[in-house]
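Dropping my_file_38.cif in here (mmCIF, C-alpha atoms):
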data_query
loop_
_atom_site.label_atom_id
_atom_site.label_comp_id
_atom_site.auth_asym_id
_atom_site.auth_seq_id
_atom_site.Cartn_x
_atom_site.Cartn_y
_atom_site.Cartn_z
CA MET A 1 -36.22 118.85 148.23
CA GLN A 2 -36.90 115.49 146.60
CA VAL A 3 -36.16 111.96 147.86
CA THR A 4 -36.60 109.11 145.36
CA GLU A 5 -36.20 105.41 146.10
CA THR A 6 -33.67 103.71 143.81
CA LEU A 7 -33.16 100.36 145.55
CA ASN A 8 -35.30 98.12 147.74
CA GLU A 9 -33.97 94.56 147.83
CA GLY A 10 -34.22 92.61 151.05
CA LEU A 11 -32.72 94.95 153.64
CA LYS A 12 -30.75 97.02 151.10
CA ARG A 13 -32.05 100.53 150.47
CA GLY A 14 -30.99 103.25 148.04
CA TYR A 15 -32.30 106.81 147.60
CA ALA A 16 -31.56 109.78 145.36
CA ILE A 17 -31.80 113.10 147.20
CA THR A 18 -32.07 116.38 145.32
CA VAL A 19 -31.63 119.71 147.07
CA THR A 20 -32.58 122.55 144.71
CA ALA A 21 -30.45 125.63 144.22
CA ALA A 22 -33.37 127.75 145.45
CA GLU A 23 -33.56 125.80 148.71
CA LEU A 24 -29.83 126.23 149.27
CA ASP A 25 -30.05 129.94 148.52
CA ASP A 26 -32.94 130.34 150.96
CA LYS A 27 -30.97 128.54 153.69
CA VAL A 28 -27.89 130.72 153.10
CA ASN A 29 -30.06 133.86 153.27
CA GLU A 30 -31.66 132.56 156.45
CA LYS A 31 -28.22 132.11 158.03
CA LEU A 32 -27.10 135.56 156.95
CA THR A 33 -30.29 137.13 158.33
CA GLU A 34 -29.66 135.43 161.67
CA ALA A 35 -26.06 136.64 161.78
CA GLN A 36 -26.65 140.19 160.43
CA PRO A 37 -27.43 141.92 163.80
CA ASP A 38 -24.05 140.84 165.23
CA VAL A 39 -21.81 141.49 162.20
CA GLU A 40 -19.36 144.37 162.34
CA MET A 41 -17.60 145.60 159.19
CA LYS A 42 -15.44 148.63 158.50
CA GLY A 43 -17.56 151.53 157.22
CA PHE A 44 -20.82 150.20 158.68
CA ARG A 45 -22.43 150.29 162.09
CA LYS A 46 -22.89 146.95 163.87
CA GLY A 47 -25.91 145.16 162.42
CA LYS A 48 -26.21 147.51 159.42
CA VAL A 49 -24.01 145.69 156.89
CA PRO A 50 -26.04 145.29 153.65
CA MET A 51 -27.21 141.75 152.87
CA ALA A 52 -25.57 141.79 149.42
CA LEU A 53 -22.21 142.58 150.97
CA LEU A 54 -22.67 139.90 153.64
CA LYS A 55 -23.50 137.37 150.96
CA LYS A 56 -20.43 138.29 148.94
CA GLN A 57 -18.21 138.05 152.03
CA PHE A 58 -19.63 134.94 153.74
CA GLY A 59 -22.01 133.30 151.26
CA GLN A 60 -19.56 130.74 149.83
CA ARG A 61 -18.54 129.53 153.29
CA LEU A 62 -22.15 129.28 154.44
CA MET A 63 -23.09 127.36 151.28
CA GLY A 64 -21.16 124.30 152.50
CA GLU A 65 -22.96 124.42 155.84
CA ALA A 66 -26.31 124.85 154.07
CA MET A 67 -25.61 121.80 151.88
CA GLN A 68 -24.67 119.61 154.85
CA GLU A 69 -27.66 120.73 156.92
CA SER A 70 -30.05 120.19 154.02
CA ILE A 71 -28.77 116.69 153.30
CA ASP A 72 -28.78 115.78 157.01
CA GLY A 73 -32.31 117.16 157.31
CA ALA A 74 -33.49 115.12 154.33
CA MET A 75 -31.95 111.95 155.77
CA ASN A 76 -33.43 112.50 159.24
CA LYS A 77 -36.87 113.17 157.77
CA HIS A 78 -36.61 110.04 155.63
CA PHE A 79 -35.79 107.83 158.63
CA GLU A 80 -38.53 109.48 160.67
CA ASP A 81 -41.15 108.99 157.93
CA SER A 82 -40.07 105.49 156.84
CA GLY A 83 -39.33 104.08 160.29
CA ASP A 84 -36.15 102.53 158.89
CA ARG A 85 -33.19 102.09 161.24
CA PRO A 86 -29.85 101.80 159.43
CA ALA A 87 -27.72 98.83 160.51
CA MET A 88 -24.55 100.90 160.03
CA GLN A 89 -23.73 104.49 159.09
CA PRO A 90 -25.43 105.20 155.71
CA GLU A 91 -23.13 105.72 152.74
CA VAL A 92 -23.71 109.20 151.29
CA LYS A 93 -22.02 110.64 148.20
CA MET A 94 -22.59 113.64 145.98
CA THR A 95 -23.12 112.56 142.38
CA ASN A 96 -22.66 115.90 140.55
CA GLU A 97 -19.02 116.46 141.43
CA ASP A 98 -18.83 119.34 138.93
CA TRP A 99 -21.35 121.27 141.02
CA LYS A 100 -21.15 125.06 140.93
CA GLU A 101 -23.15 127.73 142.68
CA GLY A 102 -26.63 127.94 141.18
CA ASP A 103 -26.85 124.18 140.51
CA ASP A 104 -29.06 121.69 142.33
CA VAL A 105 -27.25 119.21 144.59
CA HIS A 106 -27.69 115.51 143.77
CA VAL A 107 -26.84 112.97 146.45
CA GLU A 108 -27.05 109.17 146.63
CA MET A 109 -27.73 107.53 149.99
CA SER A 110 -27.50 103.77 150.56
CA TYR A 111 -27.75 101.62 153.68
CA GLU A 112 -28.95 98.33 155.06
CA ALA A 113 -32.04 98.59 157.23
CA LEU A 114 -32.36 96.73 160.48
CA PRO A 115 -34.97 94.00 160.09
CA GLU A 116 -38.35 93.79 161.76
CA ILE A 117 -37.87 91.57 164.82
CA PRO A 118 -40.71 89.08 165.32
CA GLU A 119 -42.58 89.00 168.63
CA VAL A 120 -41.37 86.39 171.11
CA ASP A 121 -43.72 84.82 173.65
CA LEU A 122 -41.33 84.61 176.59
CA GLY A 123 -43.82 82.42 178.46
CA LYS A 124 -43.02 79.65 175.96
CA VAL A 125 -39.34 79.73 176.90
CA SER A 126 -38.63 76.81 179.24
CA LEU A 127 -35.40 76.74 181.25
CA GLU A 128 -33.74 74.51 183.81
CA ARG A 129 -31.68 76.10 186.57
CA LEU A 130 -29.05 73.89 188.18
CA VAL A 131 -28.89 74.29 191.96
CA VAL A 132 -25.89 73.13 193.99
CA LYS A 133 -25.80 73.22 197.79
CA ALA A 134 -22.48 73.67 199.55
CA ASP A 135 -22.06 70.33 201.36
CA ASP A 136 -19.76 69.64 204.31
CA ALA A 137 -17.10 68.09 202.07
CA ALA A 138 -16.82 71.23 199.92
CA VAL A 139 -16.67 73.48 202.99
CA ASP A 140 -14.00 71.25 204.58
CA GLU A 141 -11.97 71.28 201.36
CA THR A 142 -12.00 75.09 201.34
CA LEU A 143 -11.12 75.16 205.05
CA GLY A 144 -8.15 72.91 204.32
CA SER A 145 -6.93 75.32 201.62
CA LEU A 146 -7.30 78.27 203.98
CA ALA A 147 -5.36 76.43 206.68
CA GLU A 148 -2.61 75.62 204.19
CA ASN A 149 -2.39 79.26 203.10
CA ALA A 150 -2.20 80.32 206.75
CA GLN A 151 0.60 77.83 207.37
CA ASP A 152 3.13 78.21 210.14
CA PHE A 153 6.63 76.75 210.46
CA LYS A 154 8.09 74.49 213.15
CA ALA A 155 11.74 73.56 213.72
CA ARG A 156 12.96 70.41 212.00
CA LYS A 157 15.00 67.81 213.90
CA LYS A 158 18.58 68.84 214.59
CA GLY A 159 20.81 68.14 211.60
CA SER A 160 17.91 68.07 209.10
CA LYS A 161 18.64 69.42 205.63
CA ALA A 162 16.51 72.27 204.28
CA LYS A 163 14.06 71.27 201.56
CA ASP A 164 12.21 73.30 198.98
CA GLY A 165 9.27 74.90 200.82
CA ASP A 166 11.09 74.99 204.17
CA GLN A 167 11.79 78.22 205.99
CA VAL A 168 15.44 79.05 206.67
CA VAL A 169 16.18 81.61 209.42
CA MET A 170 19.58 83.20 208.82
CA ASP A 171 21.95 86.14 209.11
CA PHE A 172 23.58 87.28 205.88
CA VAL A 173 25.96 89.90 204.54
CA GLY A 174 26.13 90.63 200.80
CA LYS A 175 29.34 91.88 199.19
CA VAL A 176 30.30 93.11 195.73
CA ASP A 177 34.05 93.11 194.96
CA GLY A 178 34.63 92.25 198.63
CA GLU A 179 32.75 95.33 199.89
CA ALA A 180 29.42 95.10 201.76
CA PHE A 181 26.72 97.13 200.01
CA GLU A 182 23.75 99.02 201.42
CA GLY A 183 20.62 96.92 201.93
CA GLY A 184 22.52 93.65 201.48
CA SER A 185 22.59 92.55 205.13
CA ALA A 186 20.04 91.23 207.64
CA GLU A 187 19.77 89.25 210.87
CA ASP A 188 17.28 86.50 211.75
CA TYR A 189 15.79 86.77 208.28
CA PRO A 190 13.08 84.13 207.58
CA LEU A 191 13.32 82.99 203.94
CA VAL A 192 10.97 80.39 202.45
CA LEU A 193 12.89 78.35 199.88
CA GLY A 194 11.09 78.30 196.55
CA SER A 195 9.24 81.55 197.23
CA ASN A 196 11.38 83.36 194.61
CA SER A 197 11.52 86.39 196.88
CA PHE A 198 15.30 86.71 196.51
CA ILE A 199 17.59 87.12 193.48
CA PRO A 200 17.26 84.18 191.01
CA GLY A 201 19.56 81.33 192.07
CA PHE A 202 19.87 82.45 195.72
CA GLU A 203 17.31 80.11 197.28
CA ASP A 204 18.40 77.10 195.22
CA GLN A 205 21.86 77.25 196.83
CA LEU A 206 20.36 76.98 200.33
CA VAL A 207 18.54 73.70 199.64
CA GLY A 208 20.34 71.07 201.73
CA ALA A 209 21.67 73.58 204.29
CA LYS A 210 21.60 72.68 208.01
CA ALA A 211 21.21 74.78 211.15
CA GLY A 212 24.63 76.03 212.32
CA GLU A 213 26.19 75.95 208.85
CA GLU A 214 27.81 78.86 207.08
CA LYS A 215 27.34 79.09 203.31
CA ALA A 216 28.63 81.49 200.68
CA VAL A 217 25.93 82.09 198.08
CA THR A 218 27.13 83.56 194.78
CA VAL A 219 24.59 85.23 192.52
CA THR A 220 24.50 87.80 189.71
CA PHE A 221 22.07 90.71 189.93
CA PRO A 222 19.74 90.94 186.90
CA GLU A 223 20.42 93.61 184.29
CA ASP A 224 17.03 95.17 185.07
CA TYR A 225 17.62 95.26 188.85
CA GLN A 226 16.17 98.40 190.45
CA ALA A 227 19.42 99.51 192.13
CA GLU A 228 21.57 101.08 189.41
CA ASN A 229 24.88 100.28 191.19
CA LEU A 230 24.09 96.56 191.36
CA LYS A 231 22.76 95.86 187.85
CA GLY A 232 24.58 92.87 186.32
CA LYS A 233 27.07 92.70 189.22
CA GLU A 234 28.20 89.42 190.81
CA ALA A 235 27.65 89.32 194.59
CA VAL A 236 28.61 86.91 197.36
CA PHE A 237 26.33 86.53 200.37
CA ASP A 238 27.91 85.09 203.52
CA CYS A 239 24.99 83.28 205.19
CA THR A 240 24.83 81.86 208.72
CA ILE A 241 21.97 79.36 209.00
CA LYS A 242 20.34 79.57 212.43
CA GLU A 243 17.23 77.39 212.00
CA VAL A 244 15.60 75.12 209.46
CA LYS A 245 11.81 74.91 209.77
CA GLU A 246 9.21 72.82 207.97
CA PRO A 247 5.81 74.15 206.91
CA VAL A 248 2.85 73.14 209.07
CA ALA A 249 -0.76 73.82 208.12
CA ALA A 250 -2.62 75.95 210.64
CA GLU A 251 -5.10 74.22 212.94
CA ILE A 252 -8.70 74.46 211.75
CA ASP A 253 -10.14 76.22 214.78
CA ASP A 254 -11.47 79.55 216.02
CA GLU A 255 -7.99 81.10 215.75
CA LEU A 256 -7.85 80.30 212.05
CA ALA A 257 -11.31 81.80 211.64
CA LYS A 258 -10.18 85.04 213.29
CA LYS A 259 -7.23 85.26 210.87
CA TYR A 260 -9.80 85.40 208.07
CA GLY A 261 -12.00 87.99 209.78
CA ALA A 262 -14.68 85.68 211.23
CA GLU A 263 -15.70 85.58 214.88
CA ASP A 264 -15.30 81.81 215.20
CA LEU A 265 -15.06 78.61 213.16
CA ALA A 266 -18.84 78.32 212.77
CA GLY A 267 -18.93 81.85 211.35
CA LEU A 268 -16.12 81.06 208.90
CA LYS A 269 -17.90 77.89 207.76
CA SER A 270 -21.10 79.87 207.20
CA ARG A 271 -19.23 82.48 205.17
CA ILE A 272 -17.51 79.78 203.09
CA SER A 273 -20.85 78.10 202.43
CA GLU A 274 -22.40 81.36 201.22
CA GLN A 275 -19.41 82.12 199.00
CA LEU A 276 -19.42 78.63 197.46
CA GLU A 277 -23.14 78.76 196.74
CA SER A 278 -22.70 82.20 195.17
CA GLU A 279 -19.97 80.75 192.92
CA TYR A 280 -22.17 77.76 192.05
CA ALA A 281 -25.07 80.12 191.25
CA GLY A 282 -22.83 82.15 188.93
CA ALA A 283 -21.71 79.03 187.08
CA ALA A 284 -25.30 77.73 186.89
CA ARG A 285 -26.45 81.07 185.48
CA ALA A 286 -23.85 80.83 182.69
CA VAL A 287 -25.13 77.34 181.80
CA MET A 288 -28.77 78.52 181.84
CA LYS A 289 -27.91 81.61 179.78
CA ARG A 290 -26.38 79.45 177.05
CA ALA A 291 -29.48 77.25 177.03
CA LEU A 292 -31.65 80.37 176.77
CA LEU A 293 -29.66 81.78 173.84
CA ASP A 294 -29.83 78.41 172.09
CA GLN A 295 -33.64 78.40 172.45
CA LEU A 296 -33.97 81.98 171.22
CA ASP A 297 -31.73 81.18 168.23
CA ASP A 298 -34.08 78.31 167.32
CA LEU A 299 -37.29 80.23 168.07
CA VAL A 300 -36.70 83.37 166.05
CA LYS A 301 -35.58 83.72 162.44
CA PHE A 302 -35.31 86.93 160.41
CA ASP A 303 -33.16 88.47 157.68
CA LEU A 304 -29.80 89.81 158.82
CA PRO A 305 -27.99 92.89 157.47
CA PRO A 306 -25.04 91.45 155.47
CA SER A 307 -22.74 94.30 156.54
CA LEU A 308 -23.23 93.49 160.24
CA VAL A 309 -22.61 89.77 159.67
CA GLU A 310 -19.50 90.50 157.59
CA ALA A 311 -18.08 92.89 160.21
CA GLU A 312 -18.76 90.40 163.03
CA ALA A 313 -17.21 87.50 161.08
CA LYS A 314 -14.06 89.53 160.45
CA GLN A 315 -13.87 90.44 164.13
CA ILE A 316 -14.23 86.78 165.17
CA ALA A 317 -11.62 85.61 162.65
CA HIS A 318 -9.19 88.35 163.71
CA GLN A 319 -9.61 87.61 167.43
CA LEU A 320 -9.15 83.85 166.98
CA TRP A 321 -6.07 84.42 164.79
CA HIS A 322 -4.44 86.46 167.56
CA GLU A 323 -5.29 83.76 170.12
CA GLU A 324 -3.52 81.23 167.91
CA ASN A 325 -0.59 83.63 167.31
CA PRO A 326 -0.04 85.27 170.72
CA GLU A 327 3.47 86.38 169.77
CA VAL A 328 1.97 88.93 167.32
CA GLU A 329 0.87 91.86 169.45
CA GLY A 330 0.05 94.48 166.81
CA HIS A 331 -2.11 94.34 163.70
CA ASP A 332 0.73 94.34 161.18
CA HIS A 333 -0.09 90.94 159.72
CA PRO A 334 -1.76 89.52 156.60
CA GLU A 335 -5.53 90.02 156.36
CA VAL A 336 -7.43 87.21 158.06
CA GLU A 337 -10.24 85.82 155.92
CA PRO A 338 -13.32 84.52 157.79
CA THR A 339 -14.23 80.86 157.27
CA ASP A 340 -17.71 79.36 156.92
CA GLU A 341 -17.54 78.51 160.61
CA HIS A 342 -16.78 82.16 161.47
CA ASN A 343 -19.69 83.31 159.29
CA THR A 344 -22.11 80.88 160.95
CA LEU A 345 -21.06 82.06 164.41
CA ALA A 346 -21.32 85.68 163.26
CA GLU A 347 -24.90 85.12 162.06
CA ARG A 348 -25.86 83.69 165.45
CA ARG A 349 -24.25 86.57 167.33
CA VAL A 350 -25.84 89.26 165.14
CA ARG A 351 -29.28 87.59 165.31
CA LEU A 352 -29.16 87.24 169.09
CA GLY A 353 -27.71 90.72 169.52
CA LEU A 354 -30.53 92.33 167.52
CA LEU A 355 -33.14 90.22 169.30
CA LEU A 356 -31.86 91.02 172.80
CA ALA A 357 -31.61 94.71 171.90
CA GLU A 358 -35.24 94.67 170.72
CA LEU A 359 -36.47 92.82 173.81
CA GLY A 360 -34.51 95.18 176.05
CA GLN A 361 -35.91 98.26 174.33
CA LYS A 362 -39.49 97.02 174.62
CA ALA A 363 -38.96 96.17 178.29
CA GLU A 364 -37.33 99.62 178.82
CA VAL A 365 -34.18 97.99 180.19
CA GLU A 366 -31.52 100.57 181.04
CA VAL A 367 -28.02 100.48 182.48
CA THR A 368 -27.88 102.98 185.34
CA ASP A 369 -25.05 105.42 185.99
CA ALA A 370 -24.30 103.57 189.24
CA GLU A 371 -23.99 100.25 187.38
CA MET A 372 -21.66 101.83 184.81
CA SER A 373 -19.52 103.39 187.54
CA GLN A 374 -19.20 100.02 189.28
CA ALA A 375 -18.20 98.33 186.01
CA ILE A 376 -15.58 101.01 185.32
CA MET A 377 -14.15 100.67 188.83
CA GLN A 378 -13.89 96.89 188.44
CA GLN A 379 -11.97 97.35 185.19
CA ALA A 380 -9.81 100.07 186.75
CA ARG A 381 -8.56 97.62 189.40
CA GLN A 382 -6.58 95.93 186.63
CA TYR A 383 -4.40 99.05 186.51
CA PRO A 384 -3.09 99.55 190.07
CA GLY A 385 -2.00 103.11 190.70
CA GLN A 386 -3.64 104.32 187.49
CA GLU A 387 -7.30 103.94 188.45
CA ARG A 388 -8.07 107.64 188.11
CA GLN A 389 -6.45 107.91 184.67
CA PHE A 390 -8.43 104.86 183.49
CA PHE A 391 -11.67 106.35 184.83
CA GLU A 392 -11.00 109.62 182.97
CA PHE A 393 -10.07 107.72 179.80
CA VAL A 394 -13.40 105.86 179.83
CA GLN A 395 -15.35 109.09 180.46
CA GLN A 396 -13.80 110.62 177.32
CA ASN A 397 -14.09 107.50 175.14
CA ALA A 398 -17.59 106.70 173.87
CA GLN A 399 -16.48 103.42 172.27
CA MET A 400 -14.99 102.18 175.54
CA GLN A 401 -18.19 103.14 177.38
CA GLN A 402 -20.20 101.09 174.89
CA GLN A 403 -17.88 98.09 175.37
CA LEU A 404 -18.53 98.22 179.11
CA ARG A 405 -22.25 98.96 178.80
CA ALA A 406 -23.06 96.19 176.27
CA PRO A 407 -22.51 93.15 178.57
CA LEU A 408 -24.35 94.91 181.44
CA PHE A 409 -27.32 95.57 179.16
CA GLU A 410 -27.28 91.99 177.86
CA ASP A 411 -27.26 90.52 181.37
CA LYS A 412 -30.18 92.72 182.41
CA VAL A 413 -32.16 91.65 179.33
CA VAL A 414 -31.39 87.99 180.11
CA ASP A 415 -32.65 88.54 183.66
CA HIS A 416 -35.85 90.07 182.24
CA ILE A 417 -36.40 87.06 179.97
CA VAL A 418 -35.74 84.60 182.81
CA GLU A 419 -38.29 86.42 185.00
CA ASN A 420 -40.95 85.90 182.32
CA ALA A 421 -39.92 82.38 181.26
CA THR A 422 -40.87 79.05 182.79
CA VAL A 423 -37.94 78.10 185.03
CA SER A 424 -37.61 74.85 186.98
CA ASP A 425 -34.88 74.25 189.56
CA LYS A 426 -32.91 71.01 189.47
CA GLU A 427 -30.65 70.14 192.40
CA VAL A 428 -27.40 68.57 191.19
CA SER A 429 -23.95 67.80 192.56
CA LYS A 430 -20.92 70.06 192.23
CA ASP A 431 -19.41 67.54 189.78
CA ASP A 432 -22.51 67.66 187.57
CA LEU A 433 -22.33 71.45 187.47
CA GLN A 434 -18.62 71.28 186.66
CA LYS A 435 -19.31 68.93 183.73
CA ALA A 436 -21.97 71.32 182.40
CA VAL A 437 -19.52 74.24 182.61
CA GLU A 438 -16.79 72.20 180.87
CA ALA A 439 -19.23 71.33 178.09
CA LEU A 440 -19.82 75.06 177.60
CA GLU A 441 -16.10 75.76 177.40
CA GLU A 442 -15.64 72.98 174.82
CA GLU A 443 -18.36 74.54 172.65
CA ASP A 444 -16.63 77.92 172.86
CA SER A 445 -13.16 76.58 172.02
#
Please lay out the structure from this file as structure tokens.
Amino acid sequence: MQVTETLNEGLKRGYAITVTAAELDDKVNEKLTEAQPDVEMKGFRKGKVPMALLKKQFGQRLMGEAMQESIDGAMNKHFEDSGDRPAMQPEVKMTNEDWKEGDDVHVEMSYEALPEIPEVDLGKVSLERLVVKADDAAVDETLGSLAENAQDFKARKKGSKAKDGDQVVMDFVGKVDGEAFEGGSAEDYPLVLGSNSFIPGFEDQLVGAKAGEEKAVTVTFPEDYQAENLKGKEAVFDCTIKEVKEPVAAEIDDELAKKYGAEDLAGLKSRISEQLESEYAGAARAVMKRALLDQLDDLVKFDLPPSLVEAEAKQIAHQLWHEENPEVEGHDHPEVEPTDEHNTLAERRVRLGLLLAELGQKAEVEVTDAEMSQAIMQQARQYPGQERQFFEFVQQNAQMQQQLRAPLFEDKVVDHIVENATVSDKEVSKDDLQKAVEALEEEDS
């Protein structure tokens, strides 16, 4: 077998591979010898079929396998000896298309090699971590929101008209064509106007109602209503208004705390404080991560495989096009050509991706099975009732597994870099952190 270099320009590589007819014949004979003890053929005892007959019967089929194995073996040996790592799947094609048995096989292999990644002294990376403490004002603001969400209702003054957001307590009977229908009646039903919990148009007709009034509410059931017998039908609901109540925020006290699973108000405040500081820390980490990636992008320069940059630029352009044209759900649209801006962003992403992969490999960073399972479960929650099917889908889909593993790996590599970098904490206000996060979002838009 012979491997000859035909191209070596930058990261582009080309090789001519020759597998001789003798080598192929030897490999076919080797396969036949391995199989001979188990072959049964009419007129011969098991394992006693002559080699010449075996070759006539199975030789042509085994020749294809021998070719593929020989070429794969040559490629693997080349990568092992050269140390090259292809950026994408190598392009392999047979050049003597008129090949016939007894001829040598000539193959061309071309690829782009991954570049050598320069060493990075992580000790020279200097980062600033923004630290925000949860002050009393932030805790009180969250408490106020919790109290509002846990609102109660109290009776309005007699004769008051119901407003949007009020609770109306009523009896009602729904009729279609003058006949009451199943499930269309209730007593002392508390309905919050504006909650959109009833058929469209129902709640709007109760705005302005007073306690003691009787109102006929006419609505039309939607065409996609779940009850087949009511789809698209007009219905009249005879409503008797018993009470009109206004929303009242819950008192901020121990009782409110217990509604949210805390022992008392002090415990709820402590929990809120911890949650806020965890949210602040997450936002601060995103800001610091961007600063880290910016530094690495400036610190390290190396040649990039054009095929990777081109593929990434096309992906960026395609994604942004869909964001700008949300009405187009499929991919049946004109080809989207990357711009210079897309290419520049693609170069940054490819460079940082290769660098982080190299740093992670050297630091022996790995994503554990437990971390993958947790990530899959988090994604599965987006499909209520279909969690198991999603889990099974991911287990059988290597590409989906890689999509979930990649950000986990990147975050672990970032953590490794931060541990070895020079990091100084800077205490700032919540507003300062918010401005830093908004600046990030502007850069990404």
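If you look at atom CA of Arg405 of chain A and atom CA of Met372 of chain A, they are 6.7 Å away from each other.
Counting all atoms listed in the file, the residue from A:Asp204, A:Glu182, A:Glu148, A:Asp332 that sits nearest to Leu230 of chain A is A:Glu182.
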Self-check item: Pick from A:Leu130, A:Ala22, A:Leu355, A:Glu335 nearest to Asp432 of chain A, counting only C-alpha atoms
Solution: A:Leu130
Practice problem: Name the residues in contact with segment 98-108 of chain A at a cut-off of 6 Å, using only C-alpha atoms, excluding same-chain residues fewer than 3 positions from it; report them as a list in words. | Solution: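 Contacts, in chain order: Tyr15, Ala16, Ile17, Thr18, Val19, Thr20, Ala21, Val92, Lys93, Met94 and Thr95 of chain A.
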Report the centre and edge lengths, in Å to one decimal, of an axis-aligned box enclosing every atom of segment 41-50 of chain A listed in the file, padded by 8 Å on each side, as AutoDock Vina command-line options.
--center_x -20.8 --center_y 148.3 --center_z 158.8 --size_x 26.8 --size_y 22.4 --size_z 26.2
Practice problem: Pick out the closest residue to Leu11 of chain A from this set: A:Glu274, A:Asp303, A:Glu263, A:Glu246. Count only C-alpha atoms. | Solution: A:Asp303
The PyMOL selection byres ((chain A and resi 137-143) around 8) applied to the shown file, residues as a short mmCIF file (atom, residue, chain, number, x, y, z; two decimals) with C-alpha atoms, in the coordinates of the input:
data_model
loop_
_atom_site.label_atom_id
_atom_site.label_comp_id
_atom_site.auth_asym_id
_atom_site.auth_seq_id
_atom_site.Cartn_x
_atom_site.Cartn_y
_atom_site.Cartn_z
CA ALA A 134 -22.48 73.67 199.55
CA ASP A 135 -22.06 70.33 201.36
CA ASP A 136 -19.76 69.64 204.31
CA GLY A 144 -8.15 72.91 204.32
CA SER A 145 -6.93 75.32 201.62
CA LEU A 146 -7.30 78.27 203.98
CA ALA A 147 -5.36 76.43 206.68
CA ILE A 252 -8.70 74.46 211.75
CA LYS A 269 -17.90 77.89 207.76
CA ILE A 272 -17.51 79.78 203.09
CA SER A 273 -20.85 78.10 202.43
#
Practice problem: Using only C-alpha atoms, find the one residue out of A:Ala262, A:Val336, A:Leu320, A:Leu296 that sits nearest to Leu352 of chain A. | Solution: A:Leu296
Exercise. For atom CA of Lys77 of chain A and atom CA of Phe58 of chain A, determine how far apart the two atoms are, in Å to one decimal place.
Key: 28.1 Å
Quiz item: Need the neighbours of (21.8, 97.4, 197.8): which residues are at most 12 Å away, counting all atoms listed in the file, as a ChimeraX atom specification?
Solution: /A:173-176,179-186,199,221,225-231,233,235
Quiz item: Can you tell me how far atom CA of Ala74 of chain A sits from atom CA of Thr6 of chain A, in Å to one decimal?
Solution: 15.5 Å
Practice problem: Show which residues sit within 12 Å of segment 398-403 of chain A, as a PyMOL selection string. Count all atoms listed in the file, and ignore same-chain residues fewer than 2 positions away. | Solution: chain A and resi 367+369+371-373+375-376+379+390-396+405-410
Quiz item: Which residues come within 9 Å of Ala87 of chain A, counting all atoms listed in the file, excluding same-chain residues fewer than 3 positions away, as a list of chain:residue names?
Solution: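 Near neighbours after the sequence-gap exclusion: A:Pro90, A:Tyr111, A:Glu112, A:Ala113, A:Leu114, A:Pro115, A:Pro305, A:Ser307, A:Leu308.
Closest approach to Ala283 of chain A among A:Ala66, A:Ala436, A:Ile117, A:Ala313: A:Ala436, based on only C-alpha atoms.
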Practice problem: Report as a ChimeraX atom specification the full result of the PyMOL selection byres ((chain A and resi 211-220) around 7) when it is applied to this structure. | Solution: /A:159,201-202,205,209-210,221-222,232-244
Limited to C-alpha atoms, could you put the picked residues into a file as a PDB file, keeping the file's coordinate frame?
ATOM      1  CA  GLY A 159      20.810  68.140 211.600  1.00  0.00           C
ATOM      2  CA  GLY A 201      19.560  81.330 192.070  1.00  0.00           C
ATOM      3  CA  PHE A 202      19.870  82.450 195.720  1.00  0.00           C
ATOM      4  CA  GLN A 205      21.860  77.250 196.830  1.00  0.00           C
ATOM      5  CA  ALA A 209      21.670  73.580 204.290  1.00  0.00           C
ATOM      6  CA  LYS A 210      21.600  72.680 208.010  1.00  0.00           C
ATOM      7  CA  PHE A 221      22.070  90.710 189.930  1.00  0.00           C
ATOM      8  CA  PRO A 222      19.740  90.940 186.900  1.00  0.00           C
ATOM      9  CA  GLY A 232      24.580  92.870 186.320  1.00  0.00           C
ATOM     10  CA  LYS A 233      27.070  92.700 189.220  1.00  0.00           C
ATOM     11  CA  GLU A 234      28.200  89.420 190.810  1.00  0.00           C
ATOM     12  CA  ALA A 235      27.650  89.320 194.590  1.00  0.00           C
ATOM     13  CA  VAL A 236      28.610  86.910 197.360  1.00  0.00           C
ATOM     14  CA  PHE A 237      26.330  86.530 200.370  1.00  0.00           C
ATOM     15  CA  ASP A 238      27.910  85.090 203.520  1.00  0.00           C
ATOM     16  CA  CYS A 239      24.990  83.280 205.190  1.00  0.00           C
ATOM     17  CA  THR A 240      24.830  81.860 208.720  1.00  0.00           C
ATOM     18  CA  ILE A 241      21.970  79.360 209.000  1.00  0.00           C
ATOM     19  CA  LYS A 242      20.340  79.570 212.430  1.00  0.00           C
ATOM     20  CA  GLU A 243      17.230  77.390 212.000  1.00  0.00           C
ATOM     21  CA  VAL A 244      15.600  75.120 209.460  1.00  0.00           C
TER      22      VAL A 244
END
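When all atoms listed in the file are used to compute distances to Thr4 of chain A, the closest of the residues A:His78, A:Ile417, A:Gly282, A:Leu127 turns out to be A:His78.
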Polymer residues at most 10 Å from Val207 of chain A, all atoms listed in the file, same-chain spacing of 4 or more positions, as a compact mmCIF listing (two decimals) with C-alpha atoms, in the coordinates of the input:
# COMPACT_ATOMS: atom_id res chain seq x y z
CA LYS A 161 18.64 69.42 205.63
CA ALA A 162 16.51 72.27 204.28
CA LYS A 163 14.06 71.27 201.56
CA ASP A 164 12.21 73.30 198.98
CA GLY A 165 9.27 74.90 200.82
CA ASP A 166 11.09 74.99 204.17
CA VAL A 168 15.44 79.05 206.67
CA LEU A 193 12.89 78.35 199.88
CA GLY A 194 11.09 78.30 196.55
CA PHE A 202 19.87 82.45 195.72
CA GLU A 203 17.31 80.11 197.28
